[in-house]
$ cat final_6.txt   # compact mmCIF, C-alpha atoms
# COMPACT_ATOMS: atom_id res chain seq x y z
CA MET A 1 11.73 44.98 -20.40
CA ILE A 2 11.20 41.84 -22.49
CA ASP A 3 11.76 42.13 -26.22
CA ILE A 4 8.23 41.97 -27.68
CA THR A 5 9.45 39.71 -30.48
CA GLN A 6 10.44 37.09 -27.89
CA THR A 7 7.24 35.70 -26.42
CA ASN A 8 8.02 32.44 -24.65
CA ALA A 9 9.54 31.02 -21.50
CA VAL A 10 11.29 27.81 -22.56
CA ALA A 11 12.01 24.87 -20.25
CA ILE A 12 14.67 22.68 -21.84
CA GLY A 13 15.81 19.14 -21.07
CA VAL A 14 15.35 15.47 -21.93
CA PHE A 15 12.71 15.26 -19.18
CA ASP A 16 12.88 11.46 -19.07
CA GLY A 17 10.06 10.58 -16.69
CA VAL A 18 9.39 14.23 -15.83
CA HIS A 19 10.48 13.52 -12.25
CA LYS A 20 10.52 15.99 -9.35
CA GLY A 21 13.73 17.61 -10.55
CA HIS A 22 12.31 18.12 -14.03
CA ARG A 23 9.08 19.43 -12.54
CA ARG A 24 10.94 22.21 -10.79
CA VAL A 25 12.44 23.29 -14.12
CA VAL A 26 9.06 23.21 -15.87
CA GLU A 27 7.16 24.92 -13.05
CA THR A 28 9.80 27.66 -12.89
CA ALA A 29 9.31 28.31 -16.60
CA ALA A 30 5.53 28.29 -16.19
CA ALA A 31 5.84 31.02 -13.54
CA GLN A 32 7.44 33.44 -16.05
CA GLN A 33 5.62 35.89 -18.31
CA GLY A 34 4.11 34.82 -21.62
CA ARG A 35 3.57 31.34 -22.98
CA THR A 36 5.46 28.33 -21.67
CA LEU A 37 7.15 25.90 -24.02
CA ALA A 38 8.98 22.67 -23.22
CA CYS A 39 11.91 21.99 -25.52
CA THR A 40 12.81 18.32 -25.35
CA PHE A 41 14.15 15.43 -27.38
CA GLU A 42 12.82 12.19 -28.83
CA THR A 43 14.40 9.81 -26.37
CA GLY A 44 14.52 6.89 -28.80
CA SER A 45 17.23 8.65 -30.78
CA ILE A 46 19.47 9.57 -27.84
CA THR A 47 22.40 7.21 -28.34
CA SER A 48 24.82 9.17 -26.16
CA LYS A 49 23.31 7.50 -23.08
CA GLY A 50 24.37 4.04 -24.28
CA ALA A 51 22.97 1.29 -26.46
CA ASP A 52 20.94 -0.18 -23.59
CA TYR A 53 19.28 3.12 -22.71
CA ARG A 54 15.50 2.89 -22.53
CA PRO A 55 13.51 5.90 -21.30
CA ILE A 56 10.93 5.87 -18.53
CA TYR A 57 8.22 7.21 -20.83
CA GLY A 58 7.69 7.67 -24.54
CA SER A 59 6.82 10.99 -26.14
CA GLU A 60 3.03 10.75 -25.73
CA ILE A 61 3.04 10.27 -21.96
CA LYS A 62 5.85 12.79 -21.52
CA ARG A 63 3.81 15.37 -23.45
CA ARG A 64 0.76 14.59 -21.31
CA ILE A 65 2.65 15.19 -18.07
CA LEU A 66 4.38 18.35 -19.31
CA THR A 67 1.04 19.81 -20.37
CA SER A 68 -0.45 19.00 -16.95
CA LEU A 69 2.33 21.09 -15.37
CA GLY A 70 1.34 24.25 -17.23
CA VAL A 71 3.21 23.89 -20.52
CA ASP A 72 1.35 25.45 -23.44
CA ASP A 73 3.18 23.48 -26.10
CA VAL A 74 5.91 20.84 -26.38
CA TYR A 75 8.62 21.16 -28.99
CA SER A 76 10.11 17.67 -29.33
CA MET A 77 13.18 17.27 -31.53
CA ASP A 78 14.80 14.21 -33.04
CA PHE A 79 18.15 14.19 -31.29
CA GLY A 80 19.81 12.59 -34.29
CA GLN A 81 18.91 15.59 -36.45
CA ILE A 82 20.31 18.24 -34.13
CA ARG A 83 23.20 16.47 -32.42
CA GLY A 84 25.70 17.90 -34.93
CA LEU A 85 24.73 21.54 -34.27
CA SER A 86 27.22 23.68 -32.42
CA GLY A 87 26.07 25.20 -29.15
CA ASP A 88 25.93 28.67 -30.73
CA THR A 89 23.83 27.42 -33.64
CA PHE A 90 21.47 25.47 -31.40
CA PHE A 91 20.87 28.53 -29.25
CA THR A 92 20.36 31.03 -32.05
CA GLU A 93 18.42 28.83 -34.50
CA ILE A 94 16.33 26.79 -32.06
CA LEU A 95 15.93 28.66 -28.77
CA TYR A 96 16.09 32.25 -29.97
CA TYR A 97 14.62 32.39 -33.47
CA ARG A 98 12.42 29.30 -33.66
CA LEU A 99 11.10 29.16 -30.08
CA LYS A 100 11.35 32.93 -29.46
CA ALA A 101 12.63 32.52 -25.92
CA HIS A 102 12.70 35.54 -23.64
CA THR A 103 13.59 33.18 -20.75
CA VAL A 104 15.35 29.83 -20.79
CA VAL A 105 15.07 27.51 -17.79
CA CYS A 106 17.25 24.41 -17.38
CA GLY A 107 18.92 22.28 -14.75
CA ARG A 108 22.44 23.19 -13.63
CA ASP A 109 23.84 20.06 -15.27
CA PHE A 110 22.24 20.75 -18.67
CA ARG A 111 24.59 20.32 -21.63
CA PHE A 112 24.03 20.94 -25.32
CA GLY A 113 25.76 21.42 -28.66
CA LYS A 114 27.91 19.00 -30.62
CA GLY A 115 29.65 16.59 -28.27
CA ALA A 116 27.77 18.18 -25.32
CA ALA A 117 30.50 20.82 -25.39
CA PHE A 118 28.34 23.62 -23.94
CA GLY A 119 27.01 23.86 -20.41
CA VAL A 120 25.26 26.43 -18.25
CA ASP A 121 28.15 28.93 -18.33
CA GLU A 122 28.18 29.00 -22.13
CA LEU A 123 24.38 29.15 -22.24
CA ARG A 124 24.42 32.09 -19.84
CA ALA A 125 26.80 33.99 -22.10
CA LEU A 126 24.66 33.31 -25.17
CA CYS A 127 21.50 34.38 -23.37
CA SER A 128 23.15 37.56 -22.11
CA SER A 129 24.34 38.53 -25.60
CA HIS A 130 20.78 38.17 -26.93
CA GLY A 131 18.93 39.82 -24.04
CA VAL A 132 17.47 36.52 -22.87
CA LYS A 133 17.05 35.64 -19.20
CA LEU A 134 18.54 32.35 -18.01
CA ILE A 135 17.38 30.50 -14.91
CA ALA A 136 19.52 27.50 -13.95
CA VAL A 137 17.58 25.46 -11.41
CA ASN A 138 19.43 23.67 -8.61
CA GLU A 139 19.20 19.89 -8.45
CA VAL A 140 16.39 18.40 -6.39
CA THR A 141 17.42 15.89 -3.75
CA ASP A 142 15.67 13.24 -1.70
CA GLY A 143 17.32 11.92 1.42
CA GLY A 144 20.45 13.83 0.50
CA GLU A 145 20.75 12.21 -2.94
CA LYS A 146 20.09 13.83 -6.28
CA ILE A 147 16.88 12.67 -7.96
CA SER A 148 17.86 11.22 -11.33
CA SER A 149 16.19 9.39 -14.18
CA THR A 150 18.91 6.74 -13.99
CA GLY A 151 18.01 5.92 -10.40
CA ILE A 152 14.30 5.88 -11.14
CA ARG A 153 14.75 3.52 -14.09
CA ARG A 154 16.63 1.15 -11.80
CA LEU A 155 13.86 1.26 -9.19
CA ILE A 156 11.19 0.54 -11.80
CA SER A 157 13.12 -2.39 -13.25
CA GLU A 158 13.55 -3.81 -9.74
CA GLY A 159 9.85 -3.53 -8.90
CA GLN A 160 10.37 -0.80 -6.30
CA ILE A 161 7.50 1.13 -7.80
CA ASP A 162 6.40 2.88 -4.59
CA ARG A 163 9.87 4.40 -4.19
CA ALA A 164 10.00 5.30 -7.88
CA ASN A 165 6.64 7.03 -7.51
CA ASP A 166 8.00 9.16 -4.66
CA LEU A 167 10.74 10.47 -6.94
CA LEU A 168 8.56 10.82 -10.03
CA GLY A 169 6.06 12.94 -8.12
CA GLU A 170 3.08 10.81 -9.18
CA PRO A 171 2.36 7.09 -9.71
CA TYR A 172 4.05 5.41 -12.67
CA MET A 173 1.75 5.49 -15.68
CA ILE A 174 0.85 3.02 -18.45
CA CYS A 175 -1.48 4.30 -21.16
CA GLY A 176 -3.01 2.68 -24.18
CA GLU A 177 -6.03 1.15 -25.83
CA VAL A 178 -7.44 -2.13 -24.55
CA ILE A 179 -6.52 -4.98 -26.88
CA HIS A 180 -7.69 -8.58 -27.17
CA GLY A 181 -5.85 -11.19 -25.14
CA ASN A 182 -6.39 -14.94 -24.84
CA HIS A 183 -9.55 -14.41 -22.72
CA ILE A 184 -8.29 -16.73 -19.98
CA GLY A 185 -9.08 -14.10 -17.35
CA THR A 186 -12.71 -13.95 -18.38
CA GLU A 187 -12.98 -17.74 -18.42
CA ILE A 188 -11.70 -18.07 -14.84
CA GLY A 189 -13.81 -15.20 -13.48
CA PHE A 190 -11.20 -12.43 -13.44
CA PRO A 191 -11.61 -10.47 -16.70
CA THR A 192 -8.72 -8.20 -17.55
CA ALA A 193 -8.19 -5.12 -19.69
CA ASN A 194 -4.98 -5.70 -21.63
CA ILE A 195 -2.58 -3.00 -22.81
CA ALA A 196 0.54 -3.75 -24.84
CA MET A 197 3.75 -2.65 -23.11
CA ASP A 198 6.19 -0.54 -25.11
CA GLU A 199 9.43 -2.52 -25.06
CA ASN A 200 11.37 0.56 -26.17
CA ASN A 201 10.82 1.98 -22.68
CA ILE A 202 12.11 0.71 -19.34
CA MET A 203 10.04 -2.27 -18.26
CA PRO A 204 8.72 -2.69 -14.72
CA LYS A 205 9.79 -5.92 -13.07
CA PHE A 206 7.39 -8.64 -14.16
CA GLY A 207 4.83 -9.24 -11.47
CA VAL A 208 1.54 -8.22 -9.92
CA TYR A 209 0.98 -4.66 -8.73
CA ARG A 210 -1.63 -2.73 -6.82
CA SER A 211 -2.95 -0.16 -9.23
CA TYR A 212 -5.77 2.12 -10.14
CA VAL A 213 -7.33 2.90 -13.49
CA ILE A 214 -8.59 6.19 -14.88
CA MET A 215 -11.40 5.41 -17.33
CA ASP A 216 -13.86 7.96 -18.69
CA GLY A 217 -12.71 10.39 -16.01
CA GLU A 218 -13.42 7.98 -13.14
CA ARG A 219 -10.93 6.21 -10.86
CA TYR A 220 -11.18 2.48 -10.15
CA GLU A 221 -9.00 0.43 -7.80
CA SER A 222 -7.41 -2.56 -9.53
CA ILE A 223 -4.58 -5.05 -9.70
CA SER A 224 -2.29 -5.29 -12.71
CA ASN A 225 0.00 -8.03 -13.95
CA ILE A 226 3.01 -6.91 -15.95
CA GLY A 227 4.68 -9.70 -17.88
CA VAL A 228 4.28 -12.59 -20.27
CA LYS A 229 1.85 -14.80 -18.31
CA PRO A 230 4.08 -17.87 -17.85
CA THR A 231 1.16 -20.09 -16.79
CA VAL A 232 -0.81 -19.62 -20.01
CA GLY A 233 1.76 -17.92 -22.25
CA SER A 234 2.04 -14.59 -24.04
CA ARG A 235 4.18 -13.57 -27.01
CA ALA A 236 4.97 -10.07 -25.70
CA PRO A 237 4.78 -8.21 -22.38
CA LEU A 238 1.31 -7.00 -21.43
CA CYS A 239 -0.23 -4.93 -18.70
CA GLU A 240 -3.28 -6.99 -17.68
CA THR A 241 -5.54 -5.10 -15.31
CA HIS A 242 -8.44 -6.58 -13.37
CA ILE A 243 -10.93 -3.99 -12.15
CA PRO A 244 -13.21 -5.53 -9.49
CA GLY A 245 -16.86 -4.94 -10.30
CA ILE A 246 -16.23 -3.91 -13.90
CA SER A 247 -17.12 -6.24 -16.74
CA GLY A 248 -18.26 -5.87 -20.31
CA ASP A 249 -16.53 -4.97 -23.55
CA LEU A 250 -13.64 -2.55 -22.99
CA TYR A 251 -11.83 -3.29 -26.25
CA GLY A 252 -10.57 -0.16 -27.94
CA LYS A 253 -11.16 1.99 -24.86
CA ALA A 254 -8.30 4.26 -23.78
CA LEU A 255 -7.11 3.52 -20.24
CA GLU A 256 -4.62 5.11 -17.90
CA VAL A 257 -3.20 2.57 -15.45
CA ARG A 258 -1.20 3.76 -12.43
CA LEU A 259 0.97 1.32 -10.48
CA THR A 260 1.12 2.04 -6.74
CA GLY A 261 3.00 -0.93 -5.23
CA MET A 262 4.28 -4.39 -6.05
CA ILE A 263 2.41 -7.37 -4.58
CA ARG A 264 4.59 -10.22 -5.86
CA ALA A 265 6.89 -11.25 -8.68
CA GLU A 266 5.49 -13.07 -11.70
CA ARG A 267 5.73 -16.85 -11.54
CA LYS A 268 4.38 -19.93 -13.27
CA PHE A 269 1.61 -21.87 -11.49
CA ASP A 270 0.94 -25.58 -11.66
CA GLY A 271 -2.46 -25.01 -13.21
CA ILE A 272 -5.46 -22.73 -13.59
CA ASP A 273 -6.88 -23.59 -10.13
CA ASP A 274 -3.67 -22.50 -8.43
CA LEU A 275 -3.66 -19.33 -10.52
CA LYS A 276 -7.26 -18.53 -9.46
CA LYS A 277 -6.40 -18.96 -5.79
CA GLN A 278 -3.43 -16.63 -6.12
CA ILE A 279 -5.44 -13.96 -7.93
CA SER A 280 -8.00 -14.05 -5.10
CA ALA A 281 -5.17 -13.59 -2.61
CA ASP A 282 -3.76 -10.72 -4.69
CA LEU A 283 -7.14 -9.00 -4.66
CA ASP A 284 -7.29 -9.29 -0.87
CA THR A 285 -4.31 -6.91 -0.68
CA LEU A 286 -6.56 -4.13 -1.97
CA LYS A 287 -8.64 -4.38 1.21
CA GLY A 288 -5.72 -3.59 3.51

$ encode --input "final_6.txt" --output "structure tokens"
Amino acid sequence: MIDITQTNAVAIGVFDGVHKGHRRVVETAAAQQGRTLACTFETGSITSKGADYRPIYGSEIKRRILTSLGVDDVYSMDFGQIRGLSGDTFFTEILYYRLKAHTVVCGRDFRFGKGAAFGVDELRALCSSHGVKLIAVNEVTDGGEKISSTGIRRLISEGQIDRANDLLGEPYMICGEVIHGNHIGTEIGFPTANIAMDENNIMPKFGVYRSYVIMDGERYESISNIGVKPTVGSRAPLCETHIPGISGDLYGKALEVRLTGMIRAERKFDGIDDLKKQISADLDTLKG
């Protein structure tokens, strides 16, 4: 019998990228009684992973994916504010009293508390003493290897987006409002919808990708250039997406761009005519 004061099944983890391993944790929590909460951390403040650590996704996209998996609410904490809590304090103050967990679901390698001193064994003891159920989910493997955020970040940075997508469980996502660019695309007959890339997150290898766009609930095939446009110049990395057959003013419109495969690396062309020829060749890959 579940304590009626404890109303939630809580999936806990960093959930960087919400890959297939994370999805098993979340979906296991969603299969329990009551509401489902995801307890996670603001990845920008996680310094324990190293100074060069950049997450796959920021908080907004992570929340979007978690919600799509059946999570009723996301409780996202600033890691810097809770990193000094002991494991006992974190469990009692956060998981038990604040989140009212009747069930906690985590991966078998989950660690918490000051200095990451507590693991699944300690969490199991804390849960047992408070009448809370613990489910420690086994790691998810692919080809005999554990699926990890570290490996997926490497694949994304190398442009192996199709392989990264296999491990993520869905195509890599870029979301944002369309901003003004230098309008070169429109002038040469290939208008683009531009979205600023978040440089706090892992950056896909600069280049041209097959993609599709979700706009106003509809899907459109597209090609997207990630980079700084070396032929014409850009001050910061952009996702420039050309949607064949779509023109008009898209500025300010919210787009979801999904990368499905890399066509080629970014490079500088001798001039606009060479660039136009290459874009036409890039678009031909959508017909295959």

$ residues_around --input "final_6.txt" --residues "stretch 136-147 of chain A" --least-positions-apart "2" --cutoff "8 Å" --atoms "only C-alpha atoms" --output "NGL selection string"
:A and (19-21 or 24-25 or 105-108 or 120 or 134 or 149 or 151-152 or 167)

$ write_last_selection --input "final_6.txt" --atoms "C-alpha atoms" --output "JSON list (two decimals), in the coordinates of the input"
[["chain", "number", "residue", "atom", "x", "y", "z"],
["A", 19, "HIS", "CA", 10.48, 13.52, -12.25],
["A", 20, "LYS", "CA", 10.52, 15.99, -9.35],
["A", 21, "GLY", "CA", 13.73, 17.61, -10.55],
["A", 24, "ARG", "CA", 10.94, 22.21, -10.79],
["A", 25, "VAL", "CA", 12.44, 23.29, -14.12],
["A", 105, "VAL", "CA", 15.07, 27.51, -17.79],
["A", 106, "CYS", "CA", 17.25, 24.41, -17.38],
["A", 107, "GLY", "CA", 18.92, 22.28, -14.75],
["A", 108, "ARG", "CA", 22.44, 23.19, -13.63],
["A", 120, "VAL", "CA", 25.26, 26.43, -18.25],
["A", 134, "LEU", "CA", 18.54, 32.35, -18.01],
["A", 149, "SER", "CA", 16.19, 9.39, -14.18],
["A", 151, "GLY", "CA", 18.01, 5.92, -10.40],
["A", 152, "ILE", "CA", 14.30, 5.88, -11.14],
["A", 167, "LEU", "CA", 10.74, 10.47, -6.94]]

$ atom_distance --input "final_6.txt" --atom1 "atom CA of A:Gly87" --atom2 "atom CA of A:Lys114"
6.6 Å

$ residues_around --input "final_6.txt" --residues "A:Ala236" --least-positions-apart "2" --cutoff "8 Å" --atoms "all atoms listed in the file" --output "ChimeraX atom specification"
/A:196-197,227-228,234,238

$ atom_distance --input "final_6.txt" --atom1 "atom CA of A:Ala193" --atom2 "atom CA of A:Glu42"
28.7 Å

$ closest_residue --input "final_6.txt" --among "A:Ile195, A:Arg267, A:Val18, A:Ala38" --to "A:Glu170" --atoms "all atoms listed in the file"
A:Val18

$ closest_residue --input "final_6.txt" --among "A:Gly17, A:Gly261, A:Pro191, A:Gly207" --to "A:Arg54" --atoms "all atoms listed in the file"
A:Gly17

$ residues_near_point --input "final_6.txt" --point "(14.4, 1.1, -10.6)" --cutoff "12 Å" --atoms "only C-alpha atoms" --output "JSON, numbers by chain"
{"A": [55, 56, 148, 149, 150, 151, 152, 153, 154, 155, 156, 157, 158, 159, 160, 161, 162, 163, 164, 165, 166, 167, 168, 172, 202, 203, 204, 205]}

$ write_last_selection --input "final_6.txt" --atoms "C-alpha atoms" --output "PDB file, keeping the file's coordinate frame"
ATOM      1  CA  PRO A  55      13.510   5.900 -21.300  1.00  0.00           C
ATOM      2  CA  ILE A  56      10.930   5.870 -18.530  1.00  0.00           C
ATOM      3  CA  SER A 148      17.860  11.220 -11.330  1.00  0.00           C
ATOM      4  CA  SER A 149      16.190   9.390 -14.180  1.00  0.00           C
ATOM      5  CA  THR A 150      18.910   6.740 -13.990  1.00  0.00           C
ATOM      6  CA  GLY A 151      18.010   5.920 -10.400  1.00  0.00           C
ATOM      7  CA  ILE A 152      14.300   5.880 -11.140  1.00  0.00           C
ATOM      8  CA  ARG A 153      14.750   3.520 -14.090  1.00  0.00           C
ATOM      9  CA  ARG A 154      16.630   1.150 -11.800  1.00  0.00           C
ATOM     10  CA  LEU A 155      13.860   1.260  -9.190  1.00  0.00           C
ATOM     11  CA  ILE A 156      11.190   0.540 -11.800  1.00  0.00           C
ATOM     12  CA  SER A 157      13.120  -2.390 -13.250  1.00  0.00           C
ATOM     13  CA  GLU A 158      13.550  -3.810  -9.740  1.00  0.00           C
ATOM     14  CA  GLY A 159       9.850  -3.530  -8.900  1.00  0.00           C
ATOM     15  CA  GLN A 160      10.370  -0.800  -6.300  1.00  0.00           C
ATOM     16  CA  ILE A 161       7.500   1.130  -7.800  1.00  0.00           C
ATOM     17  CA  ASP A 162       6.400   2.880  -4.590  1.00  0.00           C
ATOM     18  CA  ARG A 163       9.870   4.400  -4.190  1.00  0.00           C
ATOM     19  CA  ALA A 164      10.000   5.300  -7.880  1.00  0.00           C
ATOM     20  CA  ASN A 165       6.640   7.030  -7.510  1.00  0.00           C
ATOM     21  CA  ASP A 166       8.000   9.160  -4.660  1.00  0.00           C
ATOM     22  CA  LEU A 167      10.740  10.470  -6.940  1.00  0.00           C
ATOM     23  CA  LEU A 168       8.560  10.820 -10.030  1.00  0.00           C
ATOM     24  CA  TYR A 172       4.050   5.410 -12.670  1.00  0.00           C
ATOM     25  CA  ILE A 202      12.110   0.710 -19.340  1.00  0.00           C
ATOM     26  CA  MET A 203      10.040  -2.270 -18.260  1.00  0.00           C
ATOM     27  CA  PRO A 204       8.720  -2.690 -14.720  1.00  0.00           C
ATOM     28  CA  LYS A 205       9.790  -5.920 -13.070  1.00  0.00           C
TER      29      LYS A 205
END

$ closest_residue --input "final_6.txt" --among "A:Glu122, A:Asp52, A:Asp72, A:Asp109" --to "A:Val14" --atoms "only C-alpha atoms"
A:Asp109

$ closest_residue --input "final_6.txt" --among "A:Gln81, A:Glu177, A:Val257, A:Asp273" --to "A:Arg219" --atoms "all atoms listed in the file"
A:Val257

$ atom_distance --input "final_6.txt" --atom1 "atom CA of A:Gly84" --atom2 "atom CA of A:Leu99"
19.1 Å

$ closest_residue --input "final_6.txt" --among "A:Asn8, A:Thr89, A:Ser128, A:Ser280" --to "A:Val74" --atoms "all atoms listed in the file"
A:Asn8

$ decode --input "final_6.txt" --residues "stretch 23-82 of chain A" --atoms "C-alpha atoms" --output "mmCIF file, in the first residue's frame"
data_model
loop_
_atom_site.group_PDB
_atom_site.id
_atom_site.type_symbol
_atom_site.label_atom_id
_atom_site.label_comp_id
_atom_site.auth_asym_id
_atom_site.auth_seq_id
_atom_site.Cartn_x
_atom_site.Cartn_y
_atom_site.Cartn_z
ATOM 1 C CA ARG A 23 14.049 6.877 -21.835
ATOM 2 C CA ARG A 24 13.901 3.504 -20.140
ATOM 3 C CA VAL A 25 14.229 5.201 -16.753
ATOM 4 C CA VAL A 26 11.528 7.753 -17.574
ATOM 5 C CA GLU A 27 9.138 5.245 -19.139
ATOM 6 C CA THR A 28 9.544 2.930 -16.140
ATOM 7 C CA ALA A 29 8.550 5.786 -13.838
ATOM 8 C CA ALA A 30 5.609 6.685 -16.076
ATOM 9 C CA ALA A 31 4.322 3.099 -15.758
ATOM 10 C CA GLN A 32 3.956 3.452 -11.958
ATOM 11 C CA GLN A 33 0.896 4.688 -10.078
ATOM 12 C CA GLY A 34 0.180 8.381 -9.611
ATOM 13 C CA ARG A 35 1.818 11.353 -11.271
ATOM 14 C CA THR A 36 5.226 11.137 -12.917
ATOM 15 C CA LEU A 37 7.927 13.686 -12.169
ATOM 16 C CA ALA A 38 11.389 14.010 -13.682
ATOM 17 C CA CYS A 39 13.991 15.273 -11.227
ATOM 18 C CA THR A 40 16.960 16.620 -13.137
ATOM 19 C CA PHE A 41 19.677 19.239 -13.050
ATOM 20 C CA GLU A 42 20.540 22.424 -14.918
ATOM 21 C CA THR A 43 23.391 21.068 -16.998
ATOM 22 C CA GLY A 44 25.145 24.425 -17.342
ATOM 23 C CA SER A 45 26.082 24.307 -13.668
ATOM 24 C CA ILE A 46 27.445 20.748 -13.625
ATOM 25 C CA THR A 47 31.172 21.361 -13.262
ATOM 26 C CA SER A 48 31.990 17.857 -12.037
ATOM 27 C CA LYS A 49 31.998 16.654 -15.655
ATOM 28 C CA GLY A 50 34.891 18.957 -16.550
ATOM 29 C CA ALA A 51 35.362 22.525 -17.735
ATOM 30 C CA ASP A 52 34.827 21.559 -21.375
ATOM 31 C CA TYR A 53 31.538 19.770 -20.713
ATOM 32 C CA ARG A 54 28.716 20.950 -22.946
ATOM 33 C CA PRO A 55 25.367 19.135 -22.839
ATOM 34 C CA ILE A 56 23.510 17.728 -25.817
ATOM 35 C CA TYR A 57 20.427 19.825 -25.080
ATOM 36 C CA GLY A 58 19.524 22.782 -22.915
ATOM 37 C CA SER A 59 16.708 22.761 -20.387
ATOM 38 C CA GLU A 60 13.897 23.762 -22.763
ATOM 39 C CA ILE A 61 14.406 20.924 -25.247
ATOM 40 C CA LYS A 62 15.090 18.439 -22.457
ATOM 41 C CA ARG A 63 11.793 19.406 -20.807
ATOM 42 C CA ARG A 64 9.991 19.032 -24.135
ATOM 43 C CA ILE A 65 11.292 15.499 -24.648
ATOM 44 C CA LEU A 66 10.638 14.415 -21.058
ATOM 45 C CA THR A 67 7.056 15.644 -21.294
ATOM 46 C CA SER A 68 6.575 13.735 -24.561
ATOM 47 C CA LEU A 69 7.564 10.541 -22.719
ATOM 48 C CA GLY A 70 4.739 10.840 -20.189
ATOM 49 C CA VAL A 71 6.248 13.088 -17.522
ATOM 50 C CA ASP A 72 3.666 15.306 -15.841
ATOM 51 C CA ASP A 73 6.169 17.828 -14.556
ATOM 52 C CA VAL A 74 9.923 18.461 -14.600
ATOM 53 C CA TYR A 75 11.719 19.549 -11.455
ATOM 54 C CA SER A 76 15.010 21.043 -12.648
ATOM 55 C CA MET A 77 17.561 22.034 -10.011
ATOM 56 C CA ASP A 78 20.633 24.225 -10.180
ATOM 57 C CA PHE A 79 23.374 21.729 -9.443
ATOM 58 C CA GLY A 80 25.501 24.414 -7.828
ATOM 59 C CA GLN A 81 22.828 25.005 -5.182
ATOM 60 C CA ILE A 82 22.429 21.375 -4.140
#
